[in-house]
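**Q** Input file: upload_15.txt. Contents: compact mmCIF, C-alpha atoms and all ligand atoms.
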```
# COMPACT_ATOMS: atom_id res chain seq x y z
CA MET T 1 38.79 65.52 -56.38
CA VAL T 2 37.63 67.17 -59.55
CA VAL T 3 40.27 66.96 -62.25
CA GLU T 4 39.97 69.81 -64.69
CA GLN T 5 39.95 68.38 -68.20
CA PRO T 6 42.20 70.22 -70.63
CA ARG T 7 40.22 72.55 -72.83
CA LEU T 8 41.15 74.87 -75.61
CA GLY T 9 40.03 78.43 -75.85
CA PRO T 10 38.58 80.76 -77.00
CA LEU T 11 35.41 78.89 -77.62
CA MET T 12 34.19 79.99 -81.00
CA LEU T 13 34.32 78.80 -84.58
CA PRO T 14 37.19 80.38 -86.50
CA GLU T 15 36.34 82.65 -89.39
CA GLY T 16 35.64 80.68 -92.56
CA LEU T 17 34.67 77.44 -90.80
CA ALA T 18 30.95 76.71 -90.91
CA ALA T 19 29.37 74.66 -88.13
CA GLU T 20 28.49 71.75 -90.42
CA ARG T 21 32.04 71.63 -91.75
CA ALA T 22 33.43 71.70 -88.19
CA ARG T 23 31.26 68.64 -87.44
CA GLU T 24 32.45 66.92 -90.61
CA LEU T 25 36.07 67.47 -89.52
CA LEU T 26 35.36 65.65 -86.27
CA TYR T 27 34.08 62.71 -88.30
CA HIS T 28 37.34 62.77 -90.28
CA LEU T 29 39.24 62.65 -86.99
CA VAL T 30 37.17 59.74 -85.68
CA LEU T 31 37.63 57.86 -88.98
CA THR T 32 41.37 58.58 -89.10
CA ARG T 33 41.79 57.22 -85.59
CA ALA T 34 39.83 54.07 -86.41
CA LEU T 35 41.98 53.52 -89.54
CA ASP T 36 45.13 54.19 -87.55
CA GLU T 37 44.24 51.59 -84.91
CA ARG T 38 43.35 49.03 -87.58
CA MET T 39 46.64 49.60 -89.38
CA TRP T 40 48.59 48.73 -86.23
CA GLN T 41 46.46 45.62 -85.74
CA LEU T 42 47.07 44.51 -89.33
CA ASN T 43 50.79 45.00 -88.85
CA ARG T 44 50.86 43.02 -85.63
CA GLN T 45 48.90 40.26 -87.38
CA GLY T 46 51.65 40.10 -89.98
CA LYS T 47 49.37 41.35 -92.76
CA ALA T 48 50.74 44.88 -93.24
CA SER T 49 54.51 44.78 -93.51
CA PHE T 50 55.30 48.27 -92.26
CA ILE T 51 53.20 51.19 -91.12
CA LEU T 52 53.56 54.74 -89.93
CA THR T 53 50.67 56.66 -88.46
CA GLY T 54 50.11 60.15 -87.15
CA ARG T 55 48.16 59.54 -83.95
CA GLY T 56 48.43 62.80 -82.02
CA HIS T 57 49.02 64.86 -85.19
CA GLU T 58 45.42 64.85 -86.38
CA ALA T 59 44.41 68.37 -85.33
CA THR T 60 47.40 69.77 -87.22
CA GLN T 61 46.71 67.72 -90.31
CA ILE T 62 42.93 68.10 -90.42
CA GLY T 63 42.86 71.78 -89.41
CA SER T 64 45.29 72.64 -92.21
CA ALA T 65 43.93 70.29 -94.89
CA ALA T 66 40.45 71.72 -94.30
CA VAL T 67 41.67 74.95 -95.89
CA VAL T 68 42.77 73.19 -99.09
CA ARG T 69 40.42 73.42 -102.09
CA PRO T 70 40.55 69.82 -103.32
CA GLY T 71 41.47 69.62 -106.99
CA VAL T 72 42.57 73.29 -107.05
CA ASP T 73 45.42 73.51 -104.55
CA TRP T 74 48.46 71.22 -104.74
CA VAL T 75 49.26 68.99 -101.78
CA TYR T 76 52.59 67.40 -100.84
CA THR T 77 52.24 65.09 -97.87
CA TYR T 78 54.69 62.82 -96.06
CA TYR T 79 54.49 59.31 -94.65
CA ARG T 80 52.62 60.47 -91.53
CA SER T 81 49.81 62.26 -93.37
CA LEU T 82 46.92 59.81 -92.95
CA ALA T 83 44.55 62.50 -91.65
CA VAL T 84 45.40 64.83 -94.55
CA GLY T 85 44.38 62.12 -97.02
CA VAL T 86 41.13 61.40 -95.18
CA THR T 87 40.24 65.09 -95.01
CA LEU T 88 40.83 65.56 -98.73
CA GLY T 89 38.51 62.65 -99.49
CA VAL T 90 40.77 59.64 -99.99
CA SER T 91 38.55 56.65 -99.20
CA ALA T 92 39.12 54.10 -96.46
CA ARG T 93 39.13 51.36 -99.12
CA ASP T 94 41.92 53.03 -101.09
CA ILE T 95 43.93 53.52 -97.92
CA MET T 96 43.58 49.84 -96.97
CA LEU T 97 44.51 48.72 -100.49
CA SER T 98 47.79 50.60 -100.05
CA VAL T 99 48.36 49.38 -96.49
CA LEU T 100 47.98 45.77 -97.64
CA ALA T 101 49.91 46.44 -100.88
CA ARG T 102 47.24 45.19 -103.27
CA ARG T 103 47.26 45.35 -107.06
CA ASP T 104 44.42 47.87 -107.13
CA ASP T 105 46.08 50.26 -104.70
CA PRO T 106 45.40 53.44 -106.68
CA PHE T 107 48.53 55.23 -105.47
CA ALA T 108 51.16 52.79 -106.69
CA GLY T 109 49.69 49.35 -107.35
CA GLY T 110 51.13 48.04 -104.09
CA ARG T 111 54.70 49.08 -104.91
CA GLN T 112 55.07 52.00 -102.50
CA LEU T 113 55.09 52.21 -98.72
CA PRO T 114 51.59 52.72 -97.31
CA LEU T 115 50.19 56.27 -97.26
CA HIS T 116 52.37 57.47 -100.10
CA PHE T 117 49.31 59.07 -101.62
CA SER T 118 49.02 59.86 -105.27
CA VAL T 119 45.63 61.10 -106.45
CA PRO T 120 45.81 63.26 -109.59
CA ALA T 121 42.19 64.46 -109.30
CA LEU T 122 42.95 65.83 -105.82
CA ARG T 123 46.31 67.25 -106.88
CA LEU T 124 47.73 65.07 -104.13
CA VAL T 125 51.21 64.41 -105.41
CA SER T 126 53.24 61.21 -105.13
CA ARG T 127 56.61 61.64 -103.50
CA SER T 128 59.63 59.80 -102.25
CA SER T 129 60.11 58.40 -98.73
CA VAL T 130 63.41 60.24 -98.63
CA VAL T 131 62.91 62.91 -95.99
CA ALA T 132 62.41 66.51 -97.23
CA THR T 133 62.54 65.81 -100.96
CA GLN T 134 58.96 67.04 -101.31
CA ILE T 135 59.92 70.54 -100.17
CA PRO T 136 61.75 71.74 -103.33
CA HIS T 137 59.11 69.89 -105.38
CA ALA T 138 56.44 71.98 -103.67
CA ALA T 139 58.34 75.19 -104.37
CA GLY T 140 58.62 74.18 -108.03
CA THR T 141 54.93 73.40 -108.23
CA ALA T 142 54.08 76.79 -106.77
CA LEU T 143 56.30 78.39 -109.42
CA ALA T 144 54.44 76.43 -112.11
CA SER T 145 51.08 77.68 -110.79
CA ARG T 146 52.40 81.23 -110.91
CA LEU T 147 53.70 80.83 -114.49
CA ARG T 148 50.39 79.37 -115.60
CA GLY T 149 48.47 82.21 -113.99
CA GLU T 150 46.52 79.79 -111.79
CA ASP T 151 45.08 80.72 -108.43
CA ALA T 152 46.36 77.46 -106.83
CA VAL T 153 48.25 77.41 -103.53
CA THR T 154 50.66 74.56 -102.75
CA ILE T 155 50.75 73.13 -99.24
CA CYS T 156 53.69 71.00 -98.15
CA TYR T 157 53.95 68.89 -95.00
CA PHE T 158 57.10 67.61 -93.25
CA GLY T 159 58.52 66.99 -89.77
CA GLU T 160 61.00 69.07 -87.79
CA GLY T 161 63.75 66.52 -88.55
CA ALA T 162 63.28 67.28 -92.24
CA THR T 163 64.40 70.85 -91.59
CA SER T 164 68.00 69.62 -91.16
CA GLU T 165 68.09 68.54 -94.79
CA GLY T 166 69.47 70.74 -97.55
CA ASP T 167 66.20 70.30 -99.40
CA PHE T 168 64.39 72.27 -96.71
CA HIS T 169 66.75 75.24 -97.00
CA GLU T 170 66.84 75.18 -100.79
CA GLY T 171 63.07 74.87 -101.11
CA LEU T 172 62.29 77.66 -98.65
CA ASN T 173 64.96 79.94 -100.05
CA PHE T 174 63.65 79.53 -103.59
CA ALA T 175 60.05 80.07 -102.46
CA GLY T 176 61.07 83.17 -100.51
CA VAL T 177 63.12 84.70 -103.32
CA HIS T 178 60.30 84.25 -105.83
CA ARG T 179 57.48 84.99 -103.35
CA LEU T 180 55.75 81.79 -104.36
CA PRO T 181 52.22 80.78 -103.32
CA VAL T 182 53.20 77.98 -101.00
CA VAL T 183 52.48 77.13 -97.37
CA PHE T 184 55.05 75.00 -95.55
CA VAL T 185 53.62 73.08 -92.61
CA CYS T 186 56.17 71.68 -90.19
CA GLU T 187 54.63 69.10 -87.87
CA ASN T 188 57.04 69.48 -84.98
CA ASN T 189 56.57 66.36 -82.86
CA ARG T 190 59.95 66.85 -81.09
CA TYR T 191 61.56 63.68 -82.45
CA ALA T 192 63.03 62.46 -85.70
CA ILE T 193 62.62 58.78 -84.85
CA SER T 194 64.79 58.68 -81.70
CA VAL T 195 66.60 61.99 -82.20
CA PRO T 196 65.16 64.75 -79.99
CA GLN T 197 64.78 68.25 -81.32
CA HIS T 198 67.68 69.71 -79.30
CA ARG T 199 70.07 67.32 -81.09
CA GLN T 200 68.64 68.42 -84.41
CA MET T 201 68.74 72.22 -84.15
CA ALA T 202 70.00 74.93 -81.84
CA VAL T 203 66.74 76.90 -81.83
CA ASP T 204 63.49 76.28 -79.96
CA ASP T 205 61.23 77.16 -82.85
CA VAL T 206 61.61 75.95 -86.43
CA ALA T 207 59.53 79.01 -87.30
CA ASP T 208 62.51 81.25 -86.43
CA ARG T 209 64.23 79.97 -89.54
CA ALA T 210 61.61 81.62 -91.76
CA ALA T 211 63.32 84.98 -91.21
CA GLY T 212 66.33 83.70 -93.16
CA TYR T 213 64.14 83.16 -96.20
CA GLY T 214 62.14 86.38 -95.99
CA MET T 215 58.84 84.85 -95.04
CA PRO T 216 56.72 84.87 -91.88
CA GLY T 217 57.26 82.00 -89.44
CA VAL T 218 54.20 81.21 -87.36
CA VAL T 219 54.04 78.93 -84.31
CA VAL T 220 50.69 77.35 -83.61
CA ASP T 221 49.38 74.88 -81.04
CA GLY T 222 49.17 71.76 -83.17
CA GLN T 223 46.66 70.12 -80.80
CA ASP T 224 44.15 72.93 -81.41
CA LEU T 225 42.34 72.24 -84.66
CA PHE T 226 40.68 75.66 -84.80
CA ALA T 227 43.99 77.47 -84.23
CA VAL T 228 45.66 75.47 -87.00
CA PHE T 229 42.75 76.16 -89.34
CA ALA T 230 42.92 79.90 -88.66
CA ALA T 231 46.70 80.08 -89.14
CA THR T 232 46.60 78.02 -92.34
CA ARG T 233 43.75 80.11 -93.73
CA GLN T 234 45.76 83.28 -93.16
CA ALA T 235 48.78 81.75 -94.88
CA PHE T 236 46.64 80.70 -97.86
CA GLU T 237 45.15 84.18 -98.13
CA ARG T 238 48.61 85.71 -98.07
CA ALA T 239 49.72 83.33 -100.82
CA ARG T 240 46.67 84.12 -102.92
CA ARG T 241 47.24 87.86 -102.54
CA GLY T 242 50.66 87.34 -104.15
CA GLU T 243 52.55 88.10 -100.92
CA GLY T 244 54.48 84.83 -100.91
CA PRO T 245 55.11 81.81 -98.73
CA THR T 246 54.63 81.14 -95.01
CA LEU T 247 56.32 78.66 -92.70
CA LEU T 248 53.82 77.33 -90.21
CA GLU T 249 55.16 75.34 -87.29
CA ALA T 250 52.60 73.23 -85.44
CA LYS T 251 53.77 72.02 -82.05
CA THR T 252 52.50 68.49 -81.78
CA TYR T 253 53.46 64.99 -80.64
CA ARG T 254 53.06 61.48 -81.95
CA ILE T 255 51.58 59.42 -79.16
CA VAL T 256 52.59 56.19 -80.88
CA PRO T 257 56.06 54.95 -81.86
CA HIS T 258 57.64 56.35 -85.02
CA SER T 259 56.72 53.26 -87.03
CA SER T 260 55.75 49.66 -86.56
CA ASP T 261 59.49 48.87 -86.33
CA ASP T 262 60.24 51.37 -83.55
CA ASP T 263 60.35 50.89 -79.78
CA ASP T 264 59.95 54.39 -78.37
CA ARG T 265 60.58 53.22 -74.78
CA THR T 266 64.28 53.37 -75.60
CA TYR T 267 64.33 57.14 -76.03
CA ARG T 268 61.38 58.79 -74.26
CA SER T 269 59.72 58.39 -70.88
CA ARG T 270 56.25 56.98 -70.39
CA GLU T 271 55.43 60.09 -68.34
CA GLU T 272 56.16 62.32 -71.33
CA VAL T 273 53.94 60.24 -73.59
CA ALA T 274 51.18 60.24 -70.97
CA ALA T 275 51.37 64.03 -70.58
CA TRP T 276 50.90 64.51 -74.32
CA SER T 277 48.23 61.84 -74.50
CA ALA T 278 46.23 64.01 -72.09
CA ARG T 279 46.20 66.57 -74.91
CA ASP T 280 44.95 64.05 -77.44
CA PRO T 281 43.50 66.08 -80.34
CA LEU T 282 40.56 63.71 -80.67
CA VAL T 283 39.48 64.31 -77.07
CA LEU T 284 40.17 68.05 -77.26
CA TYR T 285 38.30 68.62 -80.50
CA GLN T 286 35.39 66.47 -79.40
CA ARG T 287 35.13 68.50 -76.20
CA THR T 288 35.36 71.78 -78.10
CA LEU T 289 32.45 70.85 -80.35
CA GLU T 290 30.45 69.58 -77.39
CA ASP T 291 31.06 72.82 -75.51
CA LEU T 292 29.92 74.76 -78.58
CA GLY T 293 26.77 72.65 -78.69
CA LEU T 294 27.66 71.31 -82.13
CA VAL T 295 27.76 67.61 -81.27
CA THR T 296 25.97 65.42 -78.76
CA PRO T 297 27.18 62.19 -77.17
CA ALA T 298 24.65 60.42 -79.41
CA ASP T 299 26.27 61.92 -82.56
CA LEU T 300 29.64 60.75 -81.34
CA ALA T 301 28.46 57.22 -80.63
CA ALA T 302 26.88 57.05 -84.10
CA TRP T 303 30.05 58.37 -85.78
CA ARG T 304 32.25 55.91 -83.94
CA GLU T 305 30.02 53.10 -85.12
CA GLN T 306 30.00 54.47 -88.69
CA ALA T 307 33.80 54.84 -88.73
CA GLN T 308 34.25 51.31 -87.42
CA ALA T 309 31.90 50.01 -90.13
CA ASP T 310 33.85 51.95 -92.81
CA VAL T 311 37.12 50.52 -91.56
CA ASP T 312 35.76 46.96 -91.35
CA ASP T 313 34.42 47.27 -94.88
CA ALA T 314 37.72 48.68 -96.17
CA THR T 315 39.74 45.95 -94.46
CA ALA T 316 37.56 43.14 -95.81
CA PHE T 317 37.64 44.72 -99.28
CA ALA T 318 41.43 45.01 -99.30
CA GLU T 319 41.99 41.56 -97.82
CA ALA T 320 39.89 40.04 -100.60
CA ALA T 321 41.66 42.06 -103.31
CA PRO T 322 44.30 40.36 -105.50
CA PRO T 323 48.02 40.92 -104.88
CA PRO T 324 50.09 42.76 -107.51
CA ASP T 325 51.34 40.86 -110.54
CA PRO T 326 55.09 40.21 -109.92
CA ARG T 327 55.71 41.20 -113.55
CA ASP T 328 54.69 44.75 -112.58
CA ALA T 329 57.48 45.13 -110.03
CA LEU T 330 59.75 47.07 -112.38
CA ARG T 331 57.02 49.05 -114.14
CA HIS T 332 57.79 52.82 -114.19
CA ILE T 333 61.38 52.14 -113.06
CA PHE T 334 63.16 51.39 -116.31
CA ALA T 335 62.27 52.88 -119.67
CA SER T 336 60.06 50.60 -121.72
CA GLU T 337 58.41 50.84 -125.10
C1 LIG Q 401 67.16 61.60 -96.26
C2 LIG Q 401 66.65 60.59 -95.29
N1 LIG Q 401 67.34 60.34 -94.18
C3 LIG Q 401 66.87 59.46 -93.28
C4 LIG Q 401 65.70 58.79 -93.51
C5 LIG Q 401 65.15 57.82 -92.46
N2 LIG Q 401 64.05 58.49 -91.76
C6 LIG Q 401 62.77 58.23 -92.08
S1 LIG Q 401 61.72 59.14 -91.17
C7 LIG Q 401 62.96 59.89 -90.33
C8 LIG Q 401 62.68 60.90 -89.26
C9 LIG Q 401 62.14 62.18 -89.76
O1 LIG Q 401 61.72 62.93 -88.67
P1 LIG Q 401 60.80 64.20 -88.83
O2 LIG Q 401 61.16 64.93 -90.07
O3 LIG Q 401 60.83 64.95 -87.56
O4 LIG Q 401 59.34 63.58 -89.08
P2 LIG Q 401 58.45 62.70 -88.09
O5 LIG Q 401 58.68 61.27 -88.53
O6 LIG Q 401 58.92 62.94 -86.71
O7 LIG Q 401 57.06 63.13 -88.30
C10 LIG Q 401 64.19 59.42 -90.76
C11 LIG Q 401 65.48 59.87 -90.21
C12 LIG Q 401 65.00 59.06 -94.71
N3 LIG Q 401 63.82 58.47 -95.00
N4 LIG Q 401 65.48 59.97 -95.57
MG MG Q 402 59.57 64.78 -85.93
```
Let me see the file written as structure tokens.
Ligand SMILES: Cc1ncc(C[n+]2csc(CCOP(=O)(O)OP(=O)(O)O)c2C)c(N)n1
Ligand SMILES: [Mg+2]

**A**
Amino acid sequence: MVVEQPRLGPLMLPEGLAAERARELLYHLVLTRALDERMWQLNRQGKASFILTGRGHEATQIGSAAVVRPGVDWVYTYYRSLAVGVTLGVSARDIMLSVLARRDDPFAGGRQLPLHFSVPALRLVSRSSVVATQIPHAAGTALASRLRGEDAVTICYFGEGATSEGDFHEGLNFAGVHRLPVVFVCENNRYAISVPQHRQMAVDDVADRAAGYGMPGVVVDGQDLFAVFAATRQAFERARRGEGPTLLEAKTYRIVPHSSDDDDRTYRSREEVAAWSARDPLVLYQRTLEDLGLVTPADLAAWREQAQADVDDATAFAEAAPPPDPRDALRHIFASE
């Protein structure tokens, strides 16, 4: 029996995405996946205390982050945004320094949870682990860009569970009222840890809520990297034309547990996870580029090897790096001279 492999259509590069860049994005996906797998291994070995990864979310994260002009646009991520960081150019070594909480972790000197990026040169802004707090911050940043007369767009990532927080409503309302240049990307993976979407909201689409804030709400297939790229690009163009914010809802799924401390067997069936795993963005995007004649199996084999080498190098580098100085634990917490 021939089993038809899931494919995405239509088969063509979206406007604004050059072939070489589309290939580069696949490398980012391969590297993200290799980092993701290593992070789980390090946790299970007792070396990384706690991790969260976005396996399954990569097409959403990479397709949208590919639109960002690094160092020009402002980026607010959340704890699941590994692929956003990789796409913007955060190195595997820096990621591993944060995962293993080393002194030279450039984001926080080992004092934050992993993947709480902070890279001033990339305008990748540090934020709290408290769900949704980045949303009003993003609206405020977009206002600042407007007041300064800058062409920057702010992009802000969060999950569908975050949309139950007051911060979501306040941030979107403010952005809508002031027509701010901001793009809100909701990575709707159907669960907020164990809480399914229908226990979180009485609507099927988070995007419907955009109407209440006077902005377009767009639903996109979050497993389709090209579709996410095209939708994000449109939202950025709208923001840059001065027409205001957009709420983009990417329908996606995390094919791993919420975090290294979660057992997802308690709240979702293995069949459901398997069905979504069949729409793994890595497989789908790989196949898309193969069908377009942009990558060969030999390219893929070489990239997998390269990504593995990058991850091995980053792991060895971080493992050999010194731990933080305990005297630094309270730095930036209390006022000091
Ligand atoms: C205000 C607040 N409440 C609860 C938590 C604990 N918490 C961390 S992640 C999370 C789930 C968020 O789900 P969602 O926004 O859908 O994002 P996902 O993890 O599914 O990508 C919760 C409840 C928190 N960090 N902050
Ligand atoms: Mg969720």

**Q** Using all atoms listed in the file, find each protein or nucleic acid residue lying at most 12 Å from ligand MG 402 (chain Q); present the set as JSON, numbers by chain.

**A** {"T": [54, 56, 57, 78, 79, 80, 131, 132, 157, 158, 159, 160, 161, 162, 163, 164, 186, 187, 188, 189, 190, 191, 192, 193, 194, 195, 196, 197, 198, 199, 200, 201, 206, 249, 250, 251, 252, 253, 254, 255, 257, 258, 259]}

**Q** Quick one: which stretch 207-289 of chain T residues come within 8 Å of stretch 10-32 of chain T, and what is the nearest atom pair for each with the distance in Å to one decimal, counting only C-alpha atoms, rows ordered by chain and ascending number, as a tab-separated table?

**A**
```
residue	atom	partner	partner_atom	distance
T:Phe226	CA	T:Pro14	CA	6.1
T:Ala227	CA	T:Pro14	CA	7.7
T:Phe229	CA	T:Pro14	CA	7.5
T:Ala230	CA	T:Pro14	CA	6.1
T:Leu282	CA	T:Leu29	CA	6.5
T:Tyr285	CA	T:Leu26	CA	7.1
T:Gln286	CA	T:Leu26	CA	6.9
T:Thr288	CA	T:Leu11	CA	7.1
T:Leu289	CA	T:Arg23	CA	7.5
```

**Q** Of the candidates T:Val256, T:Val203, T:Leu100, T:Leu225, which shows the shortest atom-to-atom distance to ligand LIG 401 (chain Q), using all atoms listed in the file?

**A**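 Looking only at the distances to ligand LIG 401 (chain Q), the closest residue turns out to be T:Val256.
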
**Q** Between atom CA of T:Thr133 and atom C2 of ligand LIG 401 (chain Q), what is the spacing in Å?

**A** 8.7 Å

**Q** Compare T:Thr154, T:Thr53, T:Ser336, T:Thr232 by their minimum atom-to-atom distance to ligand LIG 401 (chain Q), counting all atoms listed in the file, and give me the closest one.

**A**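 Counting all atoms listed in the file, the residue closest to ligand LIG 401 (chain Q) is T:Thr53.
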
**Q** Compare T:Asp208, T:Glu243, T:Asp105, T:Asp264 by their minimum atom-to-atom distance to ligand LIG 401 (chain Q), counting all atoms listed in the file, and give me the closest one.

**A**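 That would be T:Asp264, the residue with the smallest distance to ligand LIG 401 (chain Q).
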
**Q** Using only C-alpha atoms, find all polymer residues with an atom at most 10 Å away from the point (43.7, 67.5, -98.2); report them as a compact mmCIF listing (two decimals) with C-alpha atoms, in the frame of the given file.

**A**
```
# COMPACT_ATOMS: atom_id res chain seq x y z
CA GLN T 61 46.71 67.72 -90.31
CA ILE T 62 42.93 68.10 -90.42
CA GLY T 63 42.86 71.78 -89.41
CA SER T 64 45.29 72.64 -92.21
CA ALA T 65 43.93 70.29 -94.89
CA ALA T 66 40.45 71.72 -94.30
CA VAL T 67 41.67 74.95 -95.89
CA VAL T 68 42.77 73.19 -99.09
CA ARG T 69 40.42 73.42 -102.09
CA PRO T 70 40.55 69.82 -103.32
CA GLY T 71 41.47 69.62 -106.99
CA ASP T 73 45.42 73.51 -104.55
CA TRP T 74 48.46 71.22 -104.74
CA VAL T 75 49.26 68.99 -101.78
CA TYR T 76 52.59 67.40 -100.84
CA THR T 77 52.24 65.09 -97.87
CA SER T 81 49.81 62.26 -93.37
CA LEU T 82 46.92 59.81 -92.95
CA ALA T 83 44.55 62.50 -91.65
CA VAL T 84 45.40 64.83 -94.55
CA GLY T 85 44.38 62.12 -97.02
CA VAL T 86 41.13 61.40 -95.18
CA THR T 87 40.24 65.09 -95.01
CA LEU T 88 40.83 65.56 -98.73
CA GLY T 89 38.51 62.65 -99.49
CA VAL T 90 40.77 59.64 -99.99
CA LEU T 122 42.95 65.83 -105.82
CA ARG T 123 46.31 67.25 -106.88
CA LEU T 124 47.73 65.07 -104.13
CA ILE T 155 50.75 73.13 -99.24
```

**Q** Expressed in Å to a single decimal, how great is the separation between atom CA of T:Phe334 and atom CA of T:Arg111?

**A** 14.4 Å

**Q** Restricting the calculation to all atoms listed in the file: of T:Ser91, T:Gln112, T:Thr141, T:Ser129, which residue gets closest to ligand LIG 401 (chain Q)?

**A** T:Ser129

**Q** From the list T:Ala144, T:Val99, T:Ala278, T:Ala335, which residue is nearest T:Gln223 when using only C-alpha atoms?

**A**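 Going through T:Ala144, T:Val99, T:Ala278, T:Ala335 one by one, the smallest distance to T:Gln223 is for T:Ala278.
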
**Q** Pick out the closest residue to ligand LIG 401 (chain Q) from this set: T:Ser269, T:Thr315, T:Gln134, T:Gln308. Count all atoms listed in the file.

**A**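 Between T:Ser269, T:Thr315, T:Gln134, T:Gln308, the residue approaching ligand LIG 401 (chain Q) most closely is T:Gln134.
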